[in-house]
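Following: one structure in structure tokens, then a few remarks.
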Amino acid sequence: MWKGSSVSTQRSIINLLLSKIAACYLLVAMCVLLTAAIASHYVAEKRQQEEVSILRTYVSQIIAFDHLSVADRSNLILQYLADKRSFFSGAELKPENSASTLTWGDNVGVPIELDLPGFQLRVTLLPTAIISNQVLKESGWFIIALALQLLLLFGLLKILMRRKLSARVNRVVRDLSGIDCNNPVPIQLEASLSQITEYREVMSSVNRLVISLRSSREELIAMGSEADARIKSKMAALEEKNRTLIELNQKLSKLANTDALTQVYNRTRFDELFAEYVLLSKRRHERLSVLLIDLDDFKRVNDVHGHQIGDHVLQHAAQCIKQVIGSEGLVARWGGEEFAVILPYYDIVLAEGMAERVRATLASSRFEKEAIHVTTSIGVAELDDDDTCDELLKRADDALYNAKGEGRNRVILAYSPASRQFEIEALDDGEFIEVLDAEPEPNRCE
Ligand SMILES: Nc1nc2c(ncn2[C@@H]2O[C@H](COP(=O)(O)OP(=O)(O)OP(=O)(O)O)[C@@H](O)[C@H]2O)c(=O)[nH]1
């Protein structure tokens, strides 16, 4: 945009300069004319007086020539006056002792009597206004000539200035178009143009804008970085709070899901997990077994060693079960001194093996300094296609009940009506015999 208007900008600057010069010239010319008009009046008066004085001297010299006749003298005087018609409008000459009077001109103006020996001379001065008009006319021609010269000079000046200004205006235009909005810097005034008021005003307005733009930009940057820093610190605080919240949530969820004494899953969580595992296993037609583990004669432990020691034994027993199960299944406290284990992908035979390992481990363990010995009875059941959670648990519970009834410290398997029946009898310390059951009773283990 700036480049496009460069030429017109130059023209307008040149026209501006020239119009200023022309206005100055007209003002000066008017002053000169006025002065000339006033001066011409005084000049005319003065010149008339000088001419009268010269005339007086001349006539006196003519009179002094004795060898000339009166007529010759008169003629010479009138001839002289006729030559000076630009100052005198008429004359009347009357030699002494002569009856006739010689006249010249029309005698319009101011009459002056010149008293000379032998002659009476009365000359009429041309009116001063006429003389001053002549003076003015001469000045007028002078002024016209001057104006013509000035016009010529203007033309030359215009060409010269256009050439000289071109580079400077281009520089100004380049400066203006080169203002970088990201780093606005005030423009240096072009020395040769700074004499022009309009240029100065425009440039100072531009520079004011540039400075305000710069300060606004700096303010914005400062505000932006301050806001950035605040946002960052807020984000860091938020992240910190979020982390704390996540940790608290994890702790809370662990607290909600874990049994406070034994640090295995609590009953509530077991119920949820058990329902999910049963659902998934049935949907995928995968095996799943459950163990119900009960510590034998635990009342006796409490009675003999106290409830607190009983608590410790419970904790140790829970950790033992967890260790044996490892990552194969999930251990939960079913209630009191009873634990439940979910074994995904385990059929009843595998589950029985795992139950036996649990039973044997606990039976061979000694707890606390009193070397407390506890045995366990375990009921094992495998998920059947038609089973609900409750039915499966019921079968395991029944098996556990049977284990208690059979004398404790043993593993009893429960069979569903749909599955192939096994009978495993626990012998001493976990020896089992697998027996075919011709007519098995549902949910019962023999
Ligand atoms: N120390 C302690 N004892 C508990 C806890 N929960 C249940 N018990 C005890 O466990 C005992 C369970 O007794 P019973 O139901 O008679 O069972 P048992 O003595 O183990 O006998 P059987 O199960 O028939 O082998 C009771 O004495 C309860 O007080 C517990 O959290 N801490």
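Letters A, B, ... go to the chains of the structure tokens in the order shown; residues in each chain start at 1; ligands are counted from 1 in the same order.
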Any residue with an atom at most 7 Å from ligand 1 counts, using only C-alpha atoms and all ligand atoms. Which are they? Put them as an mmCIF file with N, CA and C atoms, in the first residue's frame.
data_model
loop_
_atom_site.group_PDB
_atom_site.id
_atom_site.type_symbol
_atom_site.label_atom_id
_atom_site.label_comp_id
_atom_site.auth_asym_id
_atom_site.auth_seq_id
_atom_site.Cartn_x
_atom_site.Cartn_y
_atom_site.Cartn_z
ATOM 1 N N ASP A 294 -11.318 -73.260 56.482
ATOM 2 C CA ASP A 294 -11.682 -72.898 57.850
ATOM 3 C C ASP A 294 -10.623 -73.463 58.809
ATOM 4 N N LEU A 295 -10.171 -72.559 59.751
ATOM 5 C CA LEU A 295 -9.171 -73.021 60.730
ATOM 6 C C LEU A 295 -9.891 -73.904 61.768
ATOM 7 N N ASP A 296 -9.284 -75.028 62.038
ATOM 8 C CA ASP A 296 -9.931 -75.992 62.959
ATOM 9 C C ASP A 296 -9.723 -75.587 64.414
ATOM 10 N N ASP A 297 -10.760 -75.773 65.176
ATOM 11 C CA ASP A 297 -10.724 -75.535 66.630
ATOM 12 C C ASP A 297 -10.085 -74.195 66.992
ATOM 13 N N PHE A 298 -10.475 -73.213 66.290
ATOM 14 C CA PHE A 298 -9.834 -71.899 66.532
ATOM 15 C C PHE A 298 -10.269 -71.313 67.874
ATOM 16 N N LYS A 299 -11.430 -71.704 68.278
ATOM 17 C CA LYS A 299 -11.924 -71.222 69.576
ATOM 18 C C LYS A 299 -10.921 -71.600 70.675
ATOM 19 N N ARG A 300 -10.365 -72.778 70.481
ATOM 20 C CA ARG A 300 -9.405 -73.285 71.477
ATOM 21 C C ARG A 300 -8.154 -72.399 71.499
ATOM 22 N N ASN A 302 -7.992 -69.253 70.785
ATOM 23 C CA ASN A 302 -8.350 -68.029 71.523
ATOM 24 C C ASN A 302 -8.418 -68.303 73.023
ATOM 25 N N HIS A 307 -7.150 -63.765 72.746
ATOM 26 C CA HIS A 307 -7.714 -63.280 71.470
ATOM 27 C C HIS A 307 -6.668 -62.594 70.605
ATOM 28 N N GLN A 308 -5.734 -61.883 71.292
ATOM 29 C CA GLN A 308 -4.709 -61.143 70.525
ATOM 30 C C GLN A 308 -3.797 -62.111 69.769
ATOM 31 N N ILE A 309 -3.384 -63.155 70.476
ATOM 32 C CA ILE A 309 -2.546 -64.162 69.814
ATOM 33 C C ILE A 309 -3.361 -64.818 68.700
ATOM 34 N N GLY A 310 -4.657 -65.010 68.989
ATOM 35 C CA GLY A 310 -5.560 -65.556 67.959
ATOM 36 C C GLY A 310 -5.534 -64.684 66.710
ATOM 37 N N ASP A 311 -5.545 -63.376 66.931
ATOM 38 C CA ASP A 311 -5.456 -62.433 65.784
ATOM 39 C C ASP A 311 -4.183 -62.675 64.991
ATOM 40 N N LEU A 314 -4.335 -65.706 62.984
ATOM 41 C CA LEU A 314 -5.169 -65.458 61.792
ATOM 42 C C LEU A 314 -4.367 -64.757 60.705
ATOM 43 N N GLY A 335 -14.902 -64.658 56.588
ATOM 44 C CA GLY A 335 -15.545 -64.257 57.840
ATOM 45 C C GLY A 335 -14.936 -65.044 58.980
ATOM 46 N N GLY A 336 -14.765 -64.392 60.160
ATOM 47 C CA GLY A 336 -14.192 -65.058 61.337
ATOM 48 C C GLY A 336 -12.858 -65.697 61.026
ATOM 49 N N GLU A 337 -12.777 -67.019 61.205
ATOM 50 C CA GLU A 337 -11.515 -67.725 60.949
ATOM 51 C C GLU A 337 -11.615 -68.518 59.655
ATOM 52 N N LYS A 404 -15.274 -81.012 58.150
ATOM 53 C CA LYS A 404 -15.325 -80.862 59.616
ATOM 54 C C LYS A 404 -15.889 -82.147 60.221
ATOM 55 N N ARG A 408 -11.913 -83.085 60.453
ATOM 56 C CA ARG A 408 -11.079 -81.882 60.233
ATOM 57 C C ARG A 408 -9.735 -82.221 59.573
#
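Those residues in stretch 129-310 of chain A carrying a DSSP assignment of strand (DSSP E or B), computed from the backbone, are Thr258, Tyr265, Leu288, Ser289, Val290, Leu291, Leu292, Ile293, Asp294 and Leu295 of chain A.
If you count only C-alpha atoms and ignore residues fewer than 3 places along the chain from stretch 156-160 of chain A, what sits within 12 Å of it is Gln10, Arg11, Ser12, Ile13, Ile14, Asn15, Leu16, Leu17, Leu18, Ser19, Ile21, Ala22, Gln149, Leu150, Leu151, Leu152, Leu153, Arg163, Lys164, Leu165 and Ser166 of chain A.
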Take the residues from that selection and put them in a file with C-alpha atoms, as a CSV table (one decimal), in the first residue's frame.
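The resulting file, out_28.csv, is shown below:
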chain,number,residue,atom,x,y,z
A,10,GLN,CA,6.2,12.6,-3.5
A,11,ARG,CA,3.9,14.8,-5.7
A,12,SER,CA,1.9,16.0,-2.8
A,13,ILE,CA,5.1,16.8,-0.8
A,14,ILE,CA,6.5,18.8,-3.8
A,15,ASN,CA,3.2,20.6,-4.4
A,16,LEU,CA,3.1,21.4,-0.8
A,17,LEU,CA,6.6,22.9,-0.8
A,18,LEU,CA,5.9,24.8,-4.0
A,19,SER,CA,2.6,26.2,-2.8
A,21,ILE,CA,7.0,29.1,-1.8
A,22,ALA,CA,4.4,30.6,-4.1
A,149,GLN,CA,11.6,34.5,-13.7
A,150,LEU,CA,10.1,32.9,-10.6
A,151,LEU,CA,7.7,30.8,-12.6
A,152,LEU,CA,10.6,29.5,-14.6
A,153,LEU,CA,12.5,29.0,-11.4
A,163,ARG,CA,14.6,14.2,-8.2
A,164,LYS,CA,16.0,15.1,-4.8
A,165,LEU,CA,12.9,14.2,-2.9
A,166,SER,CA,12.3,11.0,-4.7
Quiz item: Can you tell me, as a list in words, what residues are no more than 12 Å from A:Leu279 when counting only C-alpha atoms, ignoring any on the same chain fewer than 3 positions away?
Solution: Glu272, Leu273, Phe274, Ala275, Glu276, Lys282, Arg283, Arg284, His285, Glu286, Arg287, Leu288, Pro344, Leu383, Asp384, Asp385, Asp386, Asp387, Thr388 and Cys389 of chain A
Please save C-alpha atoms of the selected residues as a PDB file, in the first residue's frame.
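Final output, out02.pdb:
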ATOM      1  CA  GLU A 272     -17.841 -58.558  43.735  1.00  0.00           C
ATOM      2  CA  LEU A 273     -14.815 -60.370  42.348  1.00  0.00           C
ATOM      3  CA  PHE A 274     -16.444 -63.739  42.669  1.00  0.00           C
ATOM      4  CA  ALA A 275     -19.528 -62.546  40.739  1.00  0.00           C
ATOM      5  CA  GLU A 276     -17.306 -61.104  37.964  1.00  0.00           C
ATOM      6  CA  LYS A 282     -19.335 -69.026  32.186  1.00  0.00           C
ATOM      7  CA  ARG A 283     -19.351 -66.672  29.213  1.00  0.00           C
ATOM      8  CA  ARG A 284     -15.979 -67.980  28.017  1.00  0.00           C
ATOM      9  CA  HIS A 285     -16.655 -71.569  29.025  1.00  0.00           C
ATOM     10  CA  GLU A 286     -13.611 -71.567  31.198  1.00  0.00           C
ATOM     11  CA  ARG A 287     -12.973 -73.551  34.359  1.00  0.00           C
ATOM     12  CA  LEU A 288     -13.164 -71.936  37.780  1.00  0.00           C
ATOM     13  CA  PRO A 344      -9.671 -69.142  37.718  1.00  0.00           C
ATOM     14  CA  LEU A 383     -18.131 -74.046  38.656  1.00  0.00           C
ATOM     15  CA  ASP A 384     -20.774 -75.794  36.630  1.00  0.00           C
ATOM     16  CA  ASP A 385     -22.519 -74.283  33.576  1.00  0.00           C
ATOM     17  CA  ASP A 386     -25.813 -73.946  35.427  1.00  0.00           C
ATOM     18  CA  ASP A 387     -24.330 -72.714  38.674  1.00  0.00           C
ATOM     19  CA  THR A 388     -25.146 -69.428  40.288  1.00  0.00           C
ATOM     20  CA  CYS A 389     -22.560 -67.899  42.642  1.00  0.00           C
TER      21      CYS A 389
END
Quiz prompt | Atomic distance atom CA of A:Gly379 - atom CA of A:Val324, expressed in Å with one decimal | solution = 16.5 Å
Quiz item: In stretch 213-347 of chain A, what's alpha helix (DSSP H) per DSSP? Answer as a ChimeraX atom specification?
Solution: /A:213-257,267-284,298-305,307-325
